[in-house]
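Shown next: query-v9.cif, given as mmCIF, C-alpha atoms.
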data_structure
loop_
_atom_site.group_PDB
_atom_site.id
_atom_site.type_symbol
_atom_site.label_atom_id
_atom_site.label_comp_id
_atom_site.auth_asym_id
_atom_site.auth_seq_id
_atom_site.Cartn_x
_atom_site.Cartn_y
_atom_site.Cartn_z
ATOM 1 C CA LYS A 1 10.806 -16.451 -13.085
ATOM 2 C CA THR A 2 9.854 -16.244 -9.407
ATOM 3 C CA ALA A 3 10.497 -12.484 -9.427
ATOM 4 C CA HIS A 4 8.056 -11.972 -12.310
ATOM 5 C CA ASP A 5 5.289 -14.463 -11.540
ATOM 6 C CA MET A 6 2.211 -12.940 -13.167
ATOM 7 C CA GLY A 7 -0.157 -15.455 -11.573
ATOM 8 C CA ARG A 8 1.117 -14.603 -8.115
ATOM 9 C CA GLU A 9 0.916 -10.862 -8.747
ATOM 10 C CA TYR A 10 -2.631 -11.230 -10.053
ATOM 11 C CA ARG A 11 -3.585 -13.125 -6.900
ATOM 12 C CA VAL A 12 -2.086 -10.393 -4.694
ATOM 13 C CA LEU A 13 -3.954 -7.611 -6.483
ATOM 14 C CA SER A 14 -7.242 -9.490 -6.675
ATOM 15 C CA LYS A 15 -7.210 -9.842 -2.872
ATOM 16 C CA LEU A 16 -5.574 -6.549 -1.957
ATOM 17 C CA HIS A 17 -7.586 -3.968 -3.888
ATOM 18 C CA ALA A 18 -10.684 -4.183 -1.679
ATOM 19 C CA ALA A 19 -8.681 -3.430 1.473
ATOM 20 C CA TYR A 20 -6.063 -1.104 -0.008
ATOM 21 C CA THR A 21 -7.434 0.893 -2.933
ATOM 22 C CA PRO A 22 -4.077 2.221 -4.236
ATOM 23 C CA ALA A 23 -3.437 -1.364 -5.385
ATOM 24 C CA PRO A 24 -5.070 -1.472 -8.853
ATOM 25 C CA GLU A 25 -7.993 -3.794 -9.408
ATOM 26 C CA ALA A 26 -6.961 -6.951 -11.245
ATOM 27 C CA LEU A 27 -9.489 -7.878 -13.925
ATOM 28 C CA LEU A 28 -8.267 -11.042 -15.632
ATOM 29 C CA TYR A 29 -5.439 -13.574 -15.579
ATOM 30 C CA CYS A 30 -4.500 -15.682 -18.596
ATOM 31 C CA ASP A 31 -1.937 -18.503 -18.697
ATOM 32 C CA ASP A 32 -2.791 -19.571 -22.258
ATOM 33 C CA LEU A 33 0.563 -19.116 -23.996
ATOM 34 C CA SER A 34 -1.096 -19.001 -27.407
ATOM 35 C CA VAL A 35 -2.460 -15.509 -26.662
ATOM 36 C CA LEU A 36 0.701 -13.479 -25.956
ATOM 37 C CA GLY A 37 3.398 -16.119 -25.608
ATOM 38 C CA ALA A 38 3.598 -15.680 -21.835
ATOM 39 C CA PRO A 39 1.220 -15.610 -18.859
ATOM 40 C CA PHE A 40 -0.255 -12.153 -18.269
ATOM 41 C CA TYR A 41 -2.918 -10.289 -16.357
ATOM 42 C CA VAL A 42 -5.025 -7.226 -17.105
ATOM 43 C CA MET A 43 -5.639 -4.552 -14.480
ATOM 44 C CA GLU A 44 -7.627 -1.354 -14.388
ATOM 45 C CA PRO A 45 -5.831 1.725 -15.726
ATOM 46 C CA VAL A 46 -4.737 4.250 -13.097
ATOM 47 C CA ARG A 47 -4.477 7.653 -14.723
ATOM 48 C CA GLY A 48 -2.182 10.094 -12.986
ATOM 49 C CA ILE A 49 1.356 11.396 -12.625
ATOM 50 C CA ILE A 50 4.431 9.219 -12.086
ATOM 51 C CA LEU A 51 7.574 11.043 -10.991
ATOM 52 C CA ARG A 52 10.954 10.043 -12.340
ATOM 53 C CA LYS A 53 14.300 11.574 -11.364
ATOM 54 C CA ASP A 54 13.010 15.157 -11.604
ATOM 55 C CA ALA A 55 9.510 16.570 -11.545
ATOM 56 C CA PRO A 56 8.243 17.577 -15.031
ATOM 57 C CA ALA A 57 8.805 21.271 -15.823
ATOM 58 C CA ARG A 58 5.067 21.772 -16.335
ATOM 59 C CA LEU A 59 4.328 20.478 -12.842
ATOM 60 C CA SER A 60 4.018 23.238 -10.283
ATOM 61 C CA MET A 61 6.019 21.687 -7.439
ATOM 62 C CA THR A 62 6.263 24.016 -4.455
ATOM 63 C CA ALA A 63 8.098 23.363 -1.210
ATOM 64 C CA ASP A 64 4.734 22.867 0.508
ATOM 65 C CA ALA A 65 3.620 20.359 -2.148
ATOM 66 C CA ALA A 66 6.933 18.487 -1.878
ATOM 67 C CA ARG A 67 6.541 18.214 1.886
ATOM 68 C CA ARG A 68 2.935 17.031 1.695
ATOM 69 C CA LEU A 69 3.866 14.504 -0.986
ATOM 70 C CA SER A 70 6.709 13.037 1.065
ATOM 71 C CA GLU A 71 4.386 12.860 4.074
ATOM 72 C CA SER A 72 1.770 11.033 1.980
ATOM 73 C CA PHE A 73 4.479 8.740 0.668
ATOM 74 C CA VAL A 74 5.436 7.458 4.114
ATOM 75 C CA ASP A 75 1.851 7.521 5.444
ATOM 76 C CA ASN A 76 0.774 5.332 2.552
ATOM 77 C CA LEU A 77 3.493 2.799 3.375
ATOM 78 C CA ALA A 78 2.412 2.795 7.016
ATOM 79 C CA ARG A 79 -1.164 2.156 5.873
ATOM 80 C CA LEU A 80 -0.062 -0.875 3.851
ATOM 81 C CA HIS A 81 1.826 -2.248 6.843
ATOM 82 C CA SER A 82 -1.252 -1.879 9.053
ATOM 83 C CA LEU A 83 -3.322 -4.347 7.015
ATOM 84 C CA ASP A 84 -4.279 -7.673 8.554
ATOM 85 C CA CYS A 85 -2.936 -10.301 6.146
ATOM 86 C CA ALA A 86 -5.529 -12.866 7.201
ATOM 87 C CA THR A 87 -8.433 -10.464 6.733
ATOM 88 C CA VAL A 88 -7.136 -9.502 3.295
ATOM 89 C CA GLY A 89 -6.869 -13.189 2.382
ATOM 90 C CA LEU A 90 -3.104 -13.271 1.897
ATOM 91 C CA ALA A 91 -1.961 -14.926 5.121
ATOM 92 C CA ASP A 92 -0.203 -17.683 3.175
ATOM 93 C CA LEU A 93 1.666 -15.346 0.819
ATOM 94 C CA GLY A 94 5.044 -15.610 2.543
ATOM 95 C CA LYS A 95 7.020 -17.186 5.369
ATOM 96 C CA PRO A 96 7.637 -14.417 7.919
ATOM 97 C CA GLN A 97 9.586 -16.658 10.313
ATOM 98 C CA GLY A 98 13.274 -16.160 9.543
ATOM 99 C CA TYR A 99 12.478 -13.754 6.699
ATOM 100 C CA LEU A 100 15.292 -11.280 7.341
ATOM 101 C CA GLU A 101 17.982 -13.918 7.823
ATOM 102 C CA ARG A 102 16.978 -15.590 4.540
ATOM 103 C CA GLN A 103 17.021 -12.243 2.765
ATOM 104 C CA VAL A 104 20.493 -11.304 3.980
ATOM 105 C CA ARG A 105 21.887 -14.751 3.159
ATOM 106 C CA GLY A 106 20.193 -14.781 -0.255
ATOM 107 C CA TRP A 107 21.382 -11.357 -1.364
ATOM 108 C CA ILE A 108 24.967 -12.086 -0.302
ATOM 109 C CA GLN A 109 24.785 -15.298 -2.356
ATOM 110 C CA ARG A 110 23.400 -13.357 -5.319
ATOM 111 C CA TYR A 111 26.391 -11.055 -5.206
ATOM 112 C CA TYR A 112 28.892 -13.897 -5.247
ATOM 113 C CA GLY A 113 26.869 -15.592 -7.983
ATOM 114 C CA SER A 114 27.433 -12.547 -10.198
ATOM 115 C CA GLN A 115 30.874 -11.461 -8.977
ATOM 116 C CA THR A 116 33.253 -10.114 -11.632
ATOM 117 C CA HIS A 117 35.942 -8.369 -9.542
ATOM 118 C CA ASP A 118 37.457 -8.665 -6.072
ATOM 119 C CA LEU A 119 35.942 -5.846 -4.018
ATOM 120 C CA PRO A 120 37.183 -5.898 -0.405
ATOM 121 C CA GLU A 121 34.373 -3.598 0.744
ATOM 122 C CA VAL A 122 31.795 -6.249 -0.179
ATOM 123 C CA GLU A 123 33.478 -8.689 2.191
ATOM 124 C CA ARG A 124 33.279 -6.114 4.974
ATOM 125 C CA ILE A 125 29.645 -5.240 4.249
ATOM 126 C CA ALA A 126 28.554 -8.881 4.030
ATOM 127 C CA ALA A 127 30.230 -9.668 7.352
ATOM 128 C CA TRP A 128 28.689 -6.574 8.965
ATOM 129 C CA LEU A 129 25.198 -7.521 7.773
ATOM 130 C CA ARG A 130 25.527 -11.039 9.190
ATOM 131 C CA GLU A 131 26.878 -9.780 12.523
ATOM 132 C CA HIS A 132 24.294 -7.012 12.993
ATOM 133 C CA LEU A 133 21.196 -8.909 11.921
ATOM 134 C CA PRO A 134 18.415 -7.538 14.174
ATOM 135 C CA SER A 135 15.704 -9.618 15.692
ATOM 136 C CA THR A 136 12.765 -9.273 13.308
ATOM 137 C CA SER A 137 10.234 -6.635 14.352
ATOM 138 C CA ASP A 138 6.898 -8.058 13.285
ATOM 139 C CA ALA A 139 5.356 -9.435 10.117
ATOM 140 C CA ALA A 140 3.319 -7.363 7.689
ATOM 141 C CA LEU A 141 2.345 -7.265 4.059
ATOM 142 C CA ILE A 142 5.265 -5.532 2.343
ATOM 143 C CA HIS A 143 5.624 -4.124 -1.187
ATOM 144 C CA ASN A 144 9.399 -4.676 -1.495
ATOM 145 C CA ASP A 145 10.097 -1.946 -4.085
ATOM 146 C CA TYR A 146 8.400 1.127 -2.662
ATOM 147 C CA LYS A 147 9.725 4.324 -4.259
ATOM 148 C CA TYR A 148 8.418 7.403 -6.052
ATOM 149 C CA ASP A 149 8.331 5.908 -9.541
ATOM 150 C CA ASN A 150 6.081 3.098 -8.323
ATOM 151 C CA VAL A 151 3.345 5.423 -7.066
ATOM 152 C CA VAL A 152 0.735 7.241 -9.156
ATOM 153 C CA LEU A 153 -0.264 10.761 -8.085
ATOM 154 C CA ASP A 154 -3.547 12.618 -8.486
ATOM 155 C CA PRO A 155 -3.035 15.252 -11.247
ATOM 156 C CA GLY A 156 -5.278 17.630 -9.286
ATOM 157 C CA ASP A 157 -3.342 17.177 -6.035
ATOM 158 C CA ILE A 158 0.131 15.689 -6.398
ATOM 159 C CA SER A 159 0.320 15.039 -2.662
ATOM 160 C CA ARG A 160 -2.436 12.401 -3.015
ATOM 161 C CA ILE A 161 -1.382 8.873 -3.977
ATOM 162 C CA ILE A 162 -4.026 7.173 -6.099
ATOM 163 C CA GLY A 163 -2.076 4.118 -7.191
ATOM 164 C CA VAL A 164 0.820 1.876 -6.218
ATOM 165 C CA LEU A 165 2.344 -0.275 -8.962
ATOM 166 C CA ASP A 166 4.797 -3.153 -9.333
ATOM 167 C CA TRP A 167 3.567 -5.780 -6.847
ATOM 168 C CA GLU A 168 5.482 -8.832 -8.091
ATOM 169 C CA MET A 169 7.773 -8.886 -5.034
ATOM 170 C CA CYS A 170 5.002 -8.330 -2.479
ATOM 171 C CA THR A 171 5.193 -10.788 0.408
ATOM 172 C CA ILE A 172 4.747 -11.124 4.149
ATOM 173 C CA GLY A 173 7.927 -10.073 5.882
ATOM 174 C CA ASP A 174 9.650 -7.541 8.105
ATOM 175 C CA PRO A 175 7.994 -4.145 7.491
ATOM 176 C CA LEU A 176 11.180 -2.280 8.396
ATOM 177 C CA SER A 177 12.840 -3.875 5.371
ATOM 178 C CA ASP A 178 10.187 -2.117 3.259
ATOM 179 C CA LEU A 179 10.984 1.173 4.966
ATOM 180 C CA GLY A 180 14.689 0.497 4.395
ATOM 181 C CA THR A 181 14.068 0.092 0.658
ATOM 182 C CA ALA A 182 12.279 3.438 0.524
ATOM 183 C CA LEU A 183 15.186 5.055 2.382
ATOM 184 C CA ALA A 184 17.757 3.504 0.043
ATOM 185 C CA TYR A 185 16.185 5.343 -2.879
ATOM 186 C CA TRP A 186 15.623 8.581 -0.931
ATOM 187 C CA VAL A 187 18.434 10.995 -1.794
ATOM 188 C CA GLU A 188 18.618 14.286 0.125
ATOM 189 C CA ALA A 189 19.849 17.690 -1.033
ATOM 190 C CA GLN A 190 22.884 17.389 1.299
ATOM 191 C CA ASP A 191 24.010 14.035 -0.097
ATOM 192 C CA PRO A 192 27.233 13.911 -2.170
ATOM 193 C CA PRO A 193 27.152 14.360 -5.975
ATOM 194 C CA ASP A 194 27.656 10.664 -6.780
ATOM 195 C CA LEU A 195 24.513 9.837 -4.814
ATOM 196 C CA GLN A 196 22.616 12.712 -6.443
ATOM 197 C CA GLN A 197 23.242 11.092 -9.819
ATOM 198 C CA LEU A 198 21.382 7.978 -8.644
ATOM 199 C CA ARG A 199 18.164 9.694 -7.578
ATOM 200 C CA TRP A 200 15.002 7.768 -8.511
ATOM 201 C CA GLY A 201 12.688 10.692 -7.813
ATOM 202 C CA PRO A 202 12.654 14.375 -6.821
ATOM 203 C CA THR A 203 13.319 13.473 -3.186
ATOM 204 C CA ALA A 204 15.869 16.296 -2.819
ATOM 205 C CA PHE A 205 13.387 18.974 -3.918
ATOM 206 C CA PRO A 206 13.119 21.817 -1.344
ATOM 207 C CA GLY A 207 10.482 21.019 1.251
ATOM 208 C CA SER A 208 10.891 17.237 1.042
ATOM 209 C CA LEU A 209 11.290 15.299 4.254
ATOM 210 C CA THR A 210 14.754 14.027 5.094
ATOM 211 C CA ARG A 211 15.389 10.319 5.657
ATOM 212 C CA ALA A 212 15.401 10.927 9.400
ATOM 213 C CA GLU A 213 12.054 12.714 9.170
ATOM 214 C CA LEU A 214 10.594 9.858 7.109
ATOM 215 C CA VAL A 215 11.628 7.399 9.814
ATOM 216 C CA GLU A 216 10.265 9.623 12.576
ATOM 217 C CA ARG A 217 6.908 9.978 10.826
ATOM 218 C CA TYR A 218 6.726 6.248 10.104
ATOM 219 C CA ALA A 219 7.354 5.495 13.778
ATOM 220 C CA ALA A 220 4.628 7.929 14.804
ATOM 221 C CA GLN A 221 2.164 6.409 12.337
ATOM 222 C CA THR A 222 2.854 2.770 13.191
ATOM 223 C CA GLY A 223 4.131 2.786 16.781
ATOM 224 C CA ARG A 224 7.017 0.537 15.693
ATOM 225 C CA GLU A 225 10.453 0.599 17.282
ATOM 226 C CA VAL A 226 12.794 2.054 14.648
ATOM 227 C CA SER A 227 16.189 2.191 16.372
ATOM 228 C CA GLY A 228 17.438 -0.592 14.064
ATOM 229 C CA VAL A 229 16.608 1.297 10.867
ATOM 230 C CA PRO A 230 20.292 1.985 9.971
ATOM 231 C CA PHE A 231 20.719 -1.762 9.413
ATOM 232 C CA TYR A 232 17.686 -1.917 7.133
ATOM 233 C CA ALA A 233 18.833 1.102 5.127
ATOM 234 C CA ALA A 234 22.332 -0.354 4.728
ATOM 235 C CA PHE A 235 20.928 -3.711 3.672
ATOM 236 C CA ALA A 236 18.586 -2.080 1.158
ATOM 237 C CA ARG A 237 21.464 -0.169 -0.433
ATOM 238 C CA PHE A 238 23.434 -3.417 -0.572
ATOM 239 C CA LYS A 239 20.516 -5.019 -2.442
ATOM 240 C CA VAL A 240 20.491 -2.167 -4.965
ATOM 241 C CA ALA A 241 24.237 -2.627 -5.447
ATOM 242 C CA VAL A 242 23.762 -6.368 -6.034
ATOM 243 C CA ILE A 243 21.063 -5.682 -8.648
ATOM 244 C CA VAL A 244 23.493 -3.348 -10.442
ATOM 245 C CA GLN A 245 26.198 -6.022 -10.196
ATOM 246 C CA GLN A 246 23.866 -8.652 -11.674
ATOM 247 C CA ILE A 247 23.179 -6.370 -14.647
ATOM 248 C CA TYR A 248 26.888 -5.625 -15.028
ATOM 249 C CA TYR A 249 27.680 -9.358 -14.874
ATOM 250 C CA ARG A 250 25.570 -9.947 -18.008
ATOM 251 C CA TYR A 251 27.288 -7.050 -19.770
ATOM 252 C CA HIS A 252 30.728 -8.273 -18.645
ATOM 253 C CA HIS A 253 30.075 -11.675 -20.223
ATOM 254 C CA GLY A 254 28.795 -10.204 -23.456
#
As structure tokens:
Amino acid sequence: KTAHDMGREYRVLSKLHAAYTPAPEALLYCDDLSVLGAPFYVMEPVRGIILRKDAPARLSMTADAARRLSESFVDNLARLHSLDCATVGLADLGKPQGYLERQVRGWIQRYYGSQTHDLPEVERIAAWLREHLPSTSDAALIHNDYKYDNVVLDPGDISRIIGVLDWEMCTIGDPLSDLGTALAYWVEAQDPPDLQQLRWGPTAFPGSLTRAELVERYAAQTGREVSGVPFYAAFARFKVAVIVQQIYYRYHHG
């Protein structure tokens, strides 16, 4: 329930839209269960293009467009992380102190709570994450699921992001964990075939930035120290693996 709290998401959007226009404007929240059977909110429609694993055949994606889009993608994340939480009115949204340690501990617990097989590599990864936990960079408003299929593109210029969706996990936390999530979903053309099968967007299209270039551009845009990014990328991929394991756990038990 906490991961899909419609009241909380409505509150985030109702505060955020004025300062960060890609966040859709929230129009109404309703917790009267007699209407739909569950709490819900209504937001403005954002009409544009959402990219899935591959760009639609009718979309003219050139190498130049792919590069500009990937640049916009990381610039837009940097813009979100530059917001002043207090000015936006969301200073009490999360608990930034100890955020990363709680996240690592929580996701390791989630794995063991849905474990179905003995996988020695999980033991090694969990131990590595605990041992290499970096000191938190700084606190910022973070999206927590930032990837291509959560952004809406301008049909007239696909390098322009006009909407960002899926804010239920937004909080105040370590901004590099947000960057790590984006990197976890960013598959390059040189990556092995098994990783290519898991692409969440056309990130391997010719012209797209590499993961290293995304990090470099983010650092230039924000001035943040990014030497610890390998930890954040590894942790983000671990989180994706745990989500898959949680889904498999339900299948495994019928």
Checklist line | Result set, the PyMOL selection byres ((chain A and resi 186-199) around 10) on current file, as number ranges by chain | finding: A: 52-54, 147-148, 180-185, 200-206, 208-211, 214
Kindly export the residues of the current selection with C-alpha atoms, as a CSV table (one decimal), in the coordinates of the input.
chain,number,residue,atom,x,y,z
A,52,ARG,CA,11.0,10.0,-12.3
A,53,LYS,CA,14.3,11.6,-11.4
A,54,ASP,CA,13.0,15.2,-11.6
A,147,LYS,CA,9.7,4.3,-4.3
A,148,TYR,CA,8.4,7.4,-6.1
A,180,GLY,CA,14.7,0.5,4.4
A,181,THR,CA,14.1,0.1,0.7
A,182,ALA,CA,12.3,3.4,0.5
A,183,LEU,CA,15.2,5.1,2.4
A,184,ALA,CA,17.8,3.5,0.0
A,185,TYR,CA,16.2,5.3,-2.9
A,200,TRP,CA,15.0,7.8,-8.5
A,201,GLY,CA,12.7,10.7,-7.8
A,202,PRO,CA,12.7,14.4,-6.8
A,203,THR,CA,13.3,13.5,-3.2
A,204,ALA,CA,15.9,16.3,-2.8
A,205,PHE,CA,13.4,19.0,-3.9
A,206,PRO,CA,13.1,21.8,-1.3
A,208,SER,CA,10.9,17.2,1.0
A,209,LEU,CA,11.3,15.3,4.3
A,210,THR,CA,14.8,14.0,5.1
A,211,ARG,CA,15.4,10.3,5.7
A,214,LEU,CA,10.6,9.9,7.1
Next item on the list: Using all atoms listed in the file, give me every residue within 9 Å of (-4.9, -16.1, -17.9) in file coordinates, as a ChimeraX atom specification.
Entry: /A:7,28-33,39-42
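In this comparison, which uses only C-alpha atoms, the residue of A:Pro56, A:Gly113, A:Gly98, A:Gly254 approaching Pro134 (chain A) most closely is A:Gly98.
Take CA of Asp157 (chain A) and CA of His143 (chain A): the distance between them is 23.6 Å.
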Box centre and edge lengths (Å, one decimal), axis-aligned, region 176-194 of chain A plus 8 Å each side, as JSON:
{"center_x": 18.9, "center_y": 6.9, "center_z": 0.8, "size_x": 33.5, "size_y": 37.6, "size_z": 31.2}
Missing atoms in region 51-72 of chain A need filling: write out N, CA, C and O atoms for it as a PDB file, in the coordinates of the input.
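This is the output file result30.pdb:
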ATOM      1  N   LEU A  51       6.357  10.233 -11.052  1.00  0.00           N
ATOM      2  CA  LEU A  51       7.574  11.043 -10.991  1.00  0.00           C
ATOM      3  C   LEU A  51       8.799  10.191 -11.256  1.00  0.00           C
ATOM      4  O   LEU A  51       8.959   9.117 -10.680  1.00  0.00           O
ATOM      5  N   ARG A  52       9.664  10.680 -12.118  1.00  0.00           N
ATOM      6  CA  ARG A  52      10.954  10.043 -12.340  1.00  0.00           C
ATOM      7  C   ARG A  52      12.014  10.837 -11.560  1.00  0.00           C
ATOM      8  O   ARG A  52      11.741  11.366 -10.506  1.00  0.00           O
ATOM      9  N   LYS A  53      13.206  10.949 -12.110  1.00  0.00           N
ATOM     10  CA  LYS A  53      14.300  11.574 -11.364  1.00  0.00           C
ATOM     11  C   LYS A  53      13.970  13.005 -10.959  1.00  0.00           C
ATOM     12  O   LYS A  53      14.231  13.424  -9.830  1.00  0.00           O
ATOM     13  N   ASP A  54      13.379  13.772 -11.879  1.00  0.00           N
ATOM     14  CA  ASP A  54      13.010  15.157 -11.604  1.00  0.00           C
ATOM     15  C   ASP A  54      11.539  15.364 -11.957  1.00  0.00           C
ATOM     16  O   ASP A  54      11.014  14.707 -12.861  1.00  0.00           O
ATOM     17  N   ALA A  55      10.903  16.255 -11.243  1.00  0.00           N
ATOM     18  CA  ALA A  55       9.510  16.570 -11.545  1.00  0.00           C
ATOM     19  C   ALA A  55       9.425  17.234 -12.919  1.00  0.00           C
ATOM     20  O   ALA A  55      10.310  18.014 -13.286  1.00  0.00           O
ATOM     21  N   PRO A  56       8.391  16.939 -13.720  1.00  0.00           N
ATOM     22  CA  PRO A  56       8.243  17.577 -15.031  1.00  0.00           C
ATOM     23  C   PRO A  56       8.197  19.104 -14.891  1.00  0.00           C
ATOM     24  O   PRO A  56       7.659  19.628 -13.914  1.00  0.00           O
ATOM     25  N   ALA A  57       8.747  19.806 -15.874  1.00  0.00           N
ATOM     26  CA  ALA A  57       8.805  21.271 -15.823  1.00  0.00           C
ATOM     27  C   ALA A  57       7.409  21.878 -15.722  1.00  0.00           C
ATOM     28  O   ALA A  57       7.217  22.920 -15.087  1.00  0.00           O
ATOM     29  N   ARG A  58       6.428  21.222 -16.344  1.00  0.00           N
ATOM     30  CA  ARG A  58       5.067  21.772 -16.335  1.00  0.00           C
ATOM     31  C   ARG A  58       4.350  21.552 -15.002  1.00  0.00           C
ATOM     32  O   ARG A  58       3.271  22.098 -14.775  1.00  0.00           O
ATOM     33  N   LEU A  59       4.950  20.764 -14.131  1.00  0.00           N
ATOM     34  CA  LEU A  59       4.328  20.478 -12.842  1.00  0.00           C
ATOM     35  C   LEU A  59       4.725  21.553 -11.838  1.00  0.00           C
ATOM     36  O   LEU A  59       5.903  21.812 -11.616  1.00  0.00           O
ATOM     37  N   SER A  60       3.745  22.177 -11.245  1.00  0.00           N
ATOM     38  CA  SER A  60       4.018  23.238 -10.283  1.00  0.00           C
ATOM     39  C   SER A  60       4.320  22.616  -8.914  1.00  0.00           C
ATOM     40  O   SER A  60       3.432  22.404  -8.097  1.00  0.00           O
ATOM     41  N   MET A  61       5.589  22.314  -8.690  1.00  0.00           N
ATOM     42  CA  MET A  61       6.019  21.687  -7.439  1.00  0.00           C
ATOM     43  C   MET A  61       6.557  22.760  -6.508  1.00  0.00           C
ATOM     44  O   MET A  61       7.617  23.320  -6.737  1.00  0.00           O
ATOM     45  N   THR A  62       5.813  23.054  -5.456  1.00  0.00           N
ATOM     46  CA  THR A  62       6.263  24.016  -4.455  1.00  0.00           C
ATOM     47  C   THR A  62       6.871  23.262  -3.284  1.00  0.00           C
ATOM     48  O   THR A  62       6.729  22.037  -3.163  1.00  0.00           O
ATOM     49  N   ALA A  63       7.524  23.991  -2.399  1.00  0.00           N
ATOM     50  CA  ALA A  63       8.098  23.363  -1.210  1.00  0.00           C
ATOM     51  C   ALA A  63       7.003  22.736  -0.350  1.00  0.00           C
ATOM     52  O   ALA A  63       7.178  21.655   0.220  1.00  0.00           O
ATOM     53  N   ASP A  64       5.855  23.406  -0.272  1.00  0.00           N
ATOM     54  CA  ASP A  64       4.734  22.867   0.508  1.00  0.00           C
ATOM     55  C   ASP A  64       4.220  21.575  -0.117  1.00  0.00           C
ATOM     56  O   ASP A  64       3.942  20.594   0.585  1.00  0.00           O
ATOM     57  N   ALA A  65       4.094  21.562  -1.460  1.00  0.00           N
ATOM     58  CA  ALA A  65       3.620  20.359  -2.148  1.00  0.00           C
ATOM     59  C   ALA A  65       4.607  19.209  -1.971  1.00  0.00           C
ATOM     60  O   ALA A  65       4.213  18.054  -1.773  1.00  0.00           O
ATOM     61  N   ALA A  66       5.913  19.521  -2.041  1.00  0.00           N
ATOM     62  CA  ALA A  66       6.933  18.487  -1.878  1.00  0.00           C
ATOM     63  C   ALA A  66       6.875  17.886  -0.475  1.00  0.00           C
ATOM     64  O   ALA A  66       7.031  16.666  -0.303  1.00  0.00           O
ATOM     65  N   ARG A  67       6.634  18.725   0.523  1.00  0.00           N
ATOM     66  CA  ARG A  67       6.541  18.214   1.886  1.00  0.00           C
ATOM     67  C   ARG A  67       5.299  17.331   2.054  1.00  0.00           C
ATOM     68  O   ARG A  67       5.380  16.236   2.613  1.00  0.00           O
ATOM     69  N   ARG A  68       4.167  17.809   1.553  1.00  0.00           N
ATOM     70  CA  ARG A  68       2.935  17.031   1.695  1.00  0.00           C
ATOM     71  C   ARG A  68       3.037  15.708   0.931  1.00  0.00           C
ATOM     72  O   ARG A  68       2.536  14.680   1.384  1.00  0.00           O
ATOM     73  N   LEU A  69       3.690  15.737  -0.221  1.00  0.00           N
ATOM     74  CA  LEU A  69       3.866  14.504  -0.986  1.00  0.00           C
ATOM     75  C   LEU A  69       4.734  13.506  -0.229  1.00  0.00           C
ATOM     76  O   LEU A  69       4.399  12.318  -0.148  1.00  0.00           O
ATOM     77  N   SER A  70       5.834  13.966   0.336  1.00  0.00           N
ATOM     78  CA  SER A  70       6.709  13.037   1.065  1.00  0.00           C
ATOM     79  C   SER A  70       6.027  12.512   2.328  1.00  0.00           C
ATOM     80  O   SER A  70       6.238  11.365   2.729  1.00  0.00           O
ATOM     81  N   GLU A  71       5.166  13.332   2.937  1.00  0.00           N
ATOM     82  CA  GLU A  71       4.386  12.860   4.074  1.00  0.00           C
ATOM     83  C   GLU A  71       3.384  11.779   3.636  1.00  0.00           C
ATOM     84  O   GLU A  71       3.239  10.739   4.288  1.00  0.00           O
ATOM     85  N   SER A  72       2.708  12.024   2.508  1.00  0.00           N
ATOM     86  CA  SER A  72       1.770  11.033   1.980  1.00  0.00           C
ATOM     87  C   SER A  72       2.488   9.741   1.618  1.00  0.00           C
ATOM     88  O   SER A  72       1.957   8.639   1.812  1.00  0.00           O
TER      89      SER A  72
END
